[in-house]
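**Student:** Sharing a structure, written as C-alpha cells. Questions coming.
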Number of protein chains: 2
Amino acid sequence: MNNLTIALDVMGGDKGPLITIPAAVMAVEHLPSLTLILCGDKHTIEQHLKRCNASNHPRLRIQHTTQVVTMCEKPSLAMRSKKDSSMRVAINLVDEEKAQACVSAGNTGALFATAHFVLKTLPGVERPALISSLPTRDQDKHVFMLDLGANVFCHAEVLYQFGLMGAVMAEQVDGLNKPRVALLNMGEEDIKGSDHIKLAAAQLAENPDINYVGFVEGNDIFSNKADVIVCDGFVGNVALKTCEGVANLVFEKVKEIFENNVVAKILGRFLAPTLKKLFKSLNPDQYNGASLIGLRGIVVKSHGNANSQAFFTAIMEAVKEVERQVPIKITDKLEQGLNLRP
Amino acid sequence: MNNLTIALDVMGGDKGPLITIPAAVMAVEHLPSLTLILCGDKHTIEQHLKRCNASNHPRLRIQHTTQVVTMCEKPSLAMRSKKDSSMRVAINLVDEEKAQACVSAGNTGALFATAHFVLKTLPGVERPALISSLPTRDQDKHVFMLDLGANVFCHAEVLYQFGLMGAVMAEQVDGLNKPRVALLNMGEEDIKGSDHIKLAAAQLAENPDINYVGFVEGNDIFSNKADVIVCDGFVGNVALKTCEGVANLVFEKVKEIFENNVVAKILGRFLAPTLKKLFKSLNPDQYNGASLIGLRGIVVKSHGNANSQAFFTAIMEAVKEVERQVPIKITDKLEQGLNLRP
C-alpha cells in the first residue's frame with residue numbers, strides 16, 4: 001500500500017482534541033502507511049498527544065492554527081473571517097496536495113461551504129452532495145443515501161448526477177458490481193412525485209451503465225431494495241434525522257419497559273450492549289462518517305458529537321476513498337454518462 | 001349528544017368488509033347516538049353483518065353500490081370511471097348532507113382526488129392536507145403532522161394555511177390552548193431551508209393568533225417540542241414512512257436478539273405484548289386514522305392494512321371532528337388570519 005497523508009481538523013466537533021487526538025493515534029497505529037497532519041492549536045495538541053503517550057510520533061505532524069470554527073457559527077461568516085481555522089487549513093492542505101483527504105467533526109455548513117469554495121467541484125459536477133451509509137434489515141448490507149443536506153433543492157440533472165456519484169461510492173467503497181440505484185419518492189408508481197424526480201428517473205433509466213431500479217418510499221430505505229438512494233438535501237436531511245429521532249424514541253421506550261419490570265430489568269442489563277449497538281447503528285450520521293462528494297478533493301465529515309471510535313471510522317473512510325480514487329472515478333462516470341447521451 | 005350519521009366505504013382497504021363491518025358494529029354499540037351508512041355490495045354486507053350477529057341493526061343502514069376502487073388503481077381513472085364505487089358514494093353522501101363525515105381504508109390517492117373533486121375546498125383554503133398524529137417521548141402527548149402526502153410541493157401561503165389548519169385540529173380534537181406550531185426544516189437556524197419555508201415562517205410569526213415556535217428538525221418530531229408540525233406532502237410522506245421503516249427494522253432486530261438467546265427468548269415472550277404495542281404506535285398511519293382537512297366535509301382515511309380496531313379508531317376520529325365542527329373552525333381561523341393581515 002502506498003503512503004497516505006490525511007489532514008485532520010482536530011479542533012472541530014463538540015469535544016475537539018479530546019476525541020480527535022486519541023482517534024488519530026489509533027489510526028496511525030492501525031495503518032503503518034498513514035501519516036496524519038493534525039491541524040489545530042499546537043500547545044493543546046501537544047498536551048493531548050502526551051496524554052495518549054504519542055508525543056513526537058513520526059507520523060503525527062502538527063500544523064499550528066490560530067482559529068476555531070464554532071458549531072453554531074454562520075457558514076458564510078466562518079468562511080470569510082476564519083482563514084486560519086483548523087478546518088480551513090485542513091481543507092487548504094488538500095487543495096495544495098499536501099494531504100490526499102481531510103476529516104472534520106466541525107460545523108457541517110461551514111465545512112461544506114469552505115470545502116466547496118476552496119476545492120471546487122469536479123469537471124461537469126453541478127453540485128457536491130453529502131453521502132453516508134445506513135443499515136438495512138440484512139446484516140452486513142447497507143445503503144448509500146445522498147444528498148443528506150448539502151443542497152436544499154435539487155433539479156433533475158443534479159439528482160441524475162447524484163445517482164452516478166452514489167453508484168461510484170457503492171462500486172469503489174463497497175466493491176459492488178452494478179449497484180442498484182433508486183430515487184426516493186412518495187410512491188413507487190411512475191406517476192408519483194414532482195416533475196424533476198420523474199425527469200431524473202427517465203435520465204437514470206436511459207443510462208445503460210446505471211442499474212436503475214425505480215422509486216422507493218421512506219419505509220424501504222432499510223429494506224435492502226437498493227444500494228444507492230437519491231433524494232434532494234432537504235428530504236435526505238429530514239429522513240436521516242427522523243431515523244435518528246425514532247431510534248432515540250424507541251430506545252427510551254424500551255428502556256422504560258425494562259425499568260418498570262423486575263424480570264425485564266435483569267434481562268435489560270444482560271442485553272444492554274447488543275441493544276445499544278443496534279440503536280447506535282440507527283444514528284448513522286453519528287456512527288459512520290459522511291462524505292462530501294463531487295469535489296476535487298476528499299472531505300469526510302464525522303458527527304459533531306462523535307466519540308474517538310466514530311472519528312477513527314471517519315478517518316478510515318477517508319483512507320478508503322483515497323485508495324479507491326473516488327474523485328477520479330466520479331469524473332470518469334460522469335464523462336461516460338455525458339458521452340452516452342444522444 | 002346529537003345524533004350523528006357517518007358514511008363508511010366498507011369495500012375499501014386490503015381486507016374490505018372483513019374488518020370494516022366488525023368495526024362498524026363495534027362503533028354503533030360504543031356510541032348510541034351514532035348511525036352508520038354502510039356503502040358497498042348489499043349481499044356481501046348482509047353476509048358479514050350476519051357473521052357479526054348484527055343483521056337488521058337499526059343504526060346500520062346499507063347503501064348498495066356496484067363498483068370498488070382497487071388499491072393500485074390510478075386516482076384520476078378511479079374518479080372518472082367509478083361513479084358508483086363504495087368510496088365515491090360515501091363521499092357523495094357527505095356532499096348531499098346525508099352523512100356528516102365519511103371514513104375509508106381505500107386507495108389514498110383516489111380518496112384524495114375524489115373527495116377534493118366532490119366536496120371542494122373550504123372558502124379561502126388553497127389546498128387540502130392529509131394530517132395525522134404521531135407519538136412523542138411524553139406519554140399521552142402526541143403531535144399533529146401535515147401534510148403527509150396530499151400535495152407534492154407547497155408554496156409559502158399553503159404552508160402558512162397548513163399551520164392554521166393544524167392549530168384548529170390541535171385545539172378542537174385535542175382541546176389544546178394555544179398549540180405550539182412549528183415548521184419542519186433541515187436546521188433550526190433562521191437562515192436554513194428554502195425561501196418558501198422562510199416566508200411561511202415569517203407569516204406564521206406575524207399572526208398573533210398562532211403560537212409559532214420556529215423550525216424543528218426530523219429528530220425533534222417525537223420530542224414534544226411542538227403540537228403541530230407543518231411540511232409539504234413529499235417531505236411529510238417520506239418522514240412518516242421512514243418512521244415506519246425504522247420501527248419495522250428495530251422490531252425485526254430486537255426479535256432477532258431475543259431469538260438468538262435462550263434466556264432472552266423466554267423473557268421476550270413475556271415482554272412481547274408491550275413491545276408490540278410500542279412498535280404499532282410507531283406505524284401511526286396504521287394505528288390512527290389520518291384526516292383530509294381543508295375540505296367542505298369531513299373525510300377520514302384509515303390505513304389500507306388496518307384491522308377492525310384501527311378502523312374503529314378512524315370512525316371515532318370522524319365522530320370527534322363532526323362534534324367539534326372542525327371545518328367551520330378552520331374557516332373561522334383562516335378568516336381571522338386574513339383579517340389580521342396588513
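FYI, nothing fancy with the C-alpha cells labels: chains A, B, ... in order, residues from 1 per chain, ligands from 1 as they appear.
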Could you find all residues in segment 12-226 of chain A that DSSP calls helix (DSSP H, G or I) from the backbone, and write them as a ChimeraX atom specification?
**Tutor:** /A:17-30,42-51,75-81,86-95,108-119,156-172,195-206,218-220
**Student:** Just need the residues of chain A within 8 Å of chain B, counting only C-alpha atoms, so spit them out as number ranges by chain.
**Tutor:** A: 136-137, 149, 152-153, 185-186, 193-194, 217-223, 234-235, 237-247, 249-250, 252-254, 257, 263-264, 267, 274-275, 278
**Student:** For segment 158-164 of chain B, list every protein, DNA or RNA residue within 7 Å, evaluated using only C-alpha atoms, and leave out those in the same chain fewer than 6 positions away; present the list as a PyMOL selection string.
**Tutor:** chain B and resi 126-127+146+181+200+203-204+230-231+333-334
**Student:** Print the selection's residues with C-alpha atoms to a file, as an mmCIF file, in the first residue's frame.
**Tutor:**
```cif
data_model
loop_
_atom_site.group_PDB
_atom_site.id
_atom_site.type_symbol
_atom_site.label_atom_id
_atom_site.label_comp_id
_atom_site.auth_asym_id
_atom_site.auth_seq_id
_atom_site.Cartn_x
_atom_site.Cartn_y
_atom_site.Cartn_z
ATOM 1 C CA GLU B 126 -55.719 26.834 -1.234
ATOM 2 C CA ARG B 127 -55.045 23.121 -0.786
ATOM 3 C CA LEU B 146 -49.325 17.765 7.992
ATOM 4 C CA VAL B 181 -46.953 25.265 15.720
ATOM 5 C CA ALA B 200 -44.135 30.747 5.697
ATOM 6 C CA GLN B 203 -46.222 34.706 8.014
ATOM 7 C CA LEU B 204 -46.861 32.356 10.942
ATOM 8 C CA VAL B 230 -46.005 21.580 9.104
ATOM 9 C CA CYS B 231 -44.220 20.430 5.944
ATOM 10 C CA LYS B 333 -59.349 30.616 11.743
ATOM 11 C CA LEU B 334 -58.497 31.402 8.111
#
```
**Student:** Compile the contact shell of Met79 of chain B as a list in words: residues with an atom at most 12 Å away, counting only C-alpha atoms, same-chain residues fewer than 5 positions apart removed.
**Tutor:** Gln67, Val68, Val69, Thr70, Glu73, Lys74, Asp84, Ser85, Ser86, Met87, Arg88, Val89, Ile91, Asn107, Gly109, Ala110, Leu111, Phe112, Ala113, Thr114, Ala115, His116, Phe117 and Val118 of chain B
**Student:** Can you tell me, as a ChimeraX atom specification, what residues are no more than 8 Å from segment 92-98 of chain B when counting only C-alpha atoms, ignoring any on the same chain fewer than 4 positions away?
**Tutor:** /B:5,7,88,102,118-119,297-298
**Student:** What does the file look like for those residues with N, CA and C atoms, as a PDB file, in the first residue's frame?
**Tutor:**
```
ATOM      1  N   THR B   5     -74.511  10.885  11.848  1.00  0.00           N
ATOM      2  CA  THR B   5     -74.554   9.895  10.770  1.00  0.00           C
ATOM      3  C   THR B   5     -73.239   9.949  10.008  1.00  0.00           C
ATOM      4  N   ALA B   7     -70.873   7.993   6.913  1.00  0.00           N
ATOM      5  CA  ALA B   7     -70.862   7.035   5.801  1.00  0.00           C
ATOM      6  C   ALA B   7     -69.540   6.274   5.785  1.00  0.00           C
ATOM      7  N   ARG B  88     -66.843   6.508  -3.711  1.00  0.00           N
ATOM      8  CA  ARG B  88     -67.473   7.694  -4.295  1.00  0.00           C
ATOM      9  C   ARG B  88     -68.839   7.962  -3.646  1.00  0.00           C
ATOM     10  N   CYS B 102     -67.251  10.913   6.254  1.00  0.00           N
ATOM     11  CA  CYS B 102     -67.081   9.567   5.705  1.00  0.00           C
ATOM     12  C   CYS B 102     -65.710   9.027   6.077  1.00  0.00           C
ATOM     13  N   VAL B 118     -65.327  16.199  -5.343  1.00  0.00           N
ATOM     14  CA  VAL B 118     -66.750  16.219  -4.960  1.00  0.00           C
ATOM     15  C   VAL B 118     -67.027  17.313  -3.910  1.00  0.00           C
ATOM     16  N   LEU B 119     -66.210  17.343  -2.867  1.00  0.00           N
ATOM     17  CA  LEU B 119     -66.529  18.233  -1.739  1.00  0.00           C
ATOM     18  C   LEU B 119     -66.011  19.663  -1.919  1.00  0.00           C
ATOM     19  N   GLY B 297     -66.149  19.075   3.896  1.00  0.00           N
ATOM     20  CA  GLY B 297     -66.742  17.934   4.579  1.00  0.00           C
ATOM     21  C   GLY B 297     -65.632  17.175   5.266  1.00  0.00           C
ATOM     22  N   ILE B 298     -66.007  16.274   6.171  1.00  0.00           N
ATOM     23  CA  ILE B 298     -65.000  15.539   6.941  1.00  0.00           C
ATOM     24  C   ILE B 298     -64.737  14.178   6.295  1.00  0.00           C
TER      25      ILE B 298
END
```
**Student:** In terms of the shortest atom-to-atom distance over only C-alpha atoms, which of B:Asp140, B:Asp147, B:Asp9, B:Glu321 is closest to Ala90 of chain B?
**Tutor:**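 Among the listed residues, B:Asp9 lies closest to Ala90 of chain B.
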**Student:** Near Pro32 of chain B, within 12 Å and counting only C-alpha atoms, which residues show up once chain neighbours fewer than 6 positions away are dropped, as a compact mmCIF listing (two decimals) with C-alpha atoms, in the first residue's frame?
**Tutor:**
```txt
# COMPACT_ATOMS: atom_id res chain seq x y z
CA MET B 1 -75.05 14.37 22.31
CA ASN B 2 -76.80 14.96 18.98
CA ASN B 3 -77.44 12.19 16.54
CA LEU B 4 -74.58 11.57 14.16
CA THR B 5 -74.55 9.90 10.77
CA VAL B 25 -70.76 -2.95 14.71
CA MET B 26 -68.30 -2.01 17.48
CA HIS B 57 -79.34 -3.37 13.20
CA PRO B 58 -81.46 -0.19 13.27
CA ARG B 59 -78.42 2.09 13.15
CA LEU B 60 -76.53 0.22 10.44
```
**Student:** Extract the full set of strand (DSSP E) residues from segment 56-302 of chain B according to DSSP on the backbone, and format it as a PyMOL selection string.
**Tutor:** chain B and resi 60-64+101-104+129-135+142-146+180-184+211-216+228-230+290-293+298-301
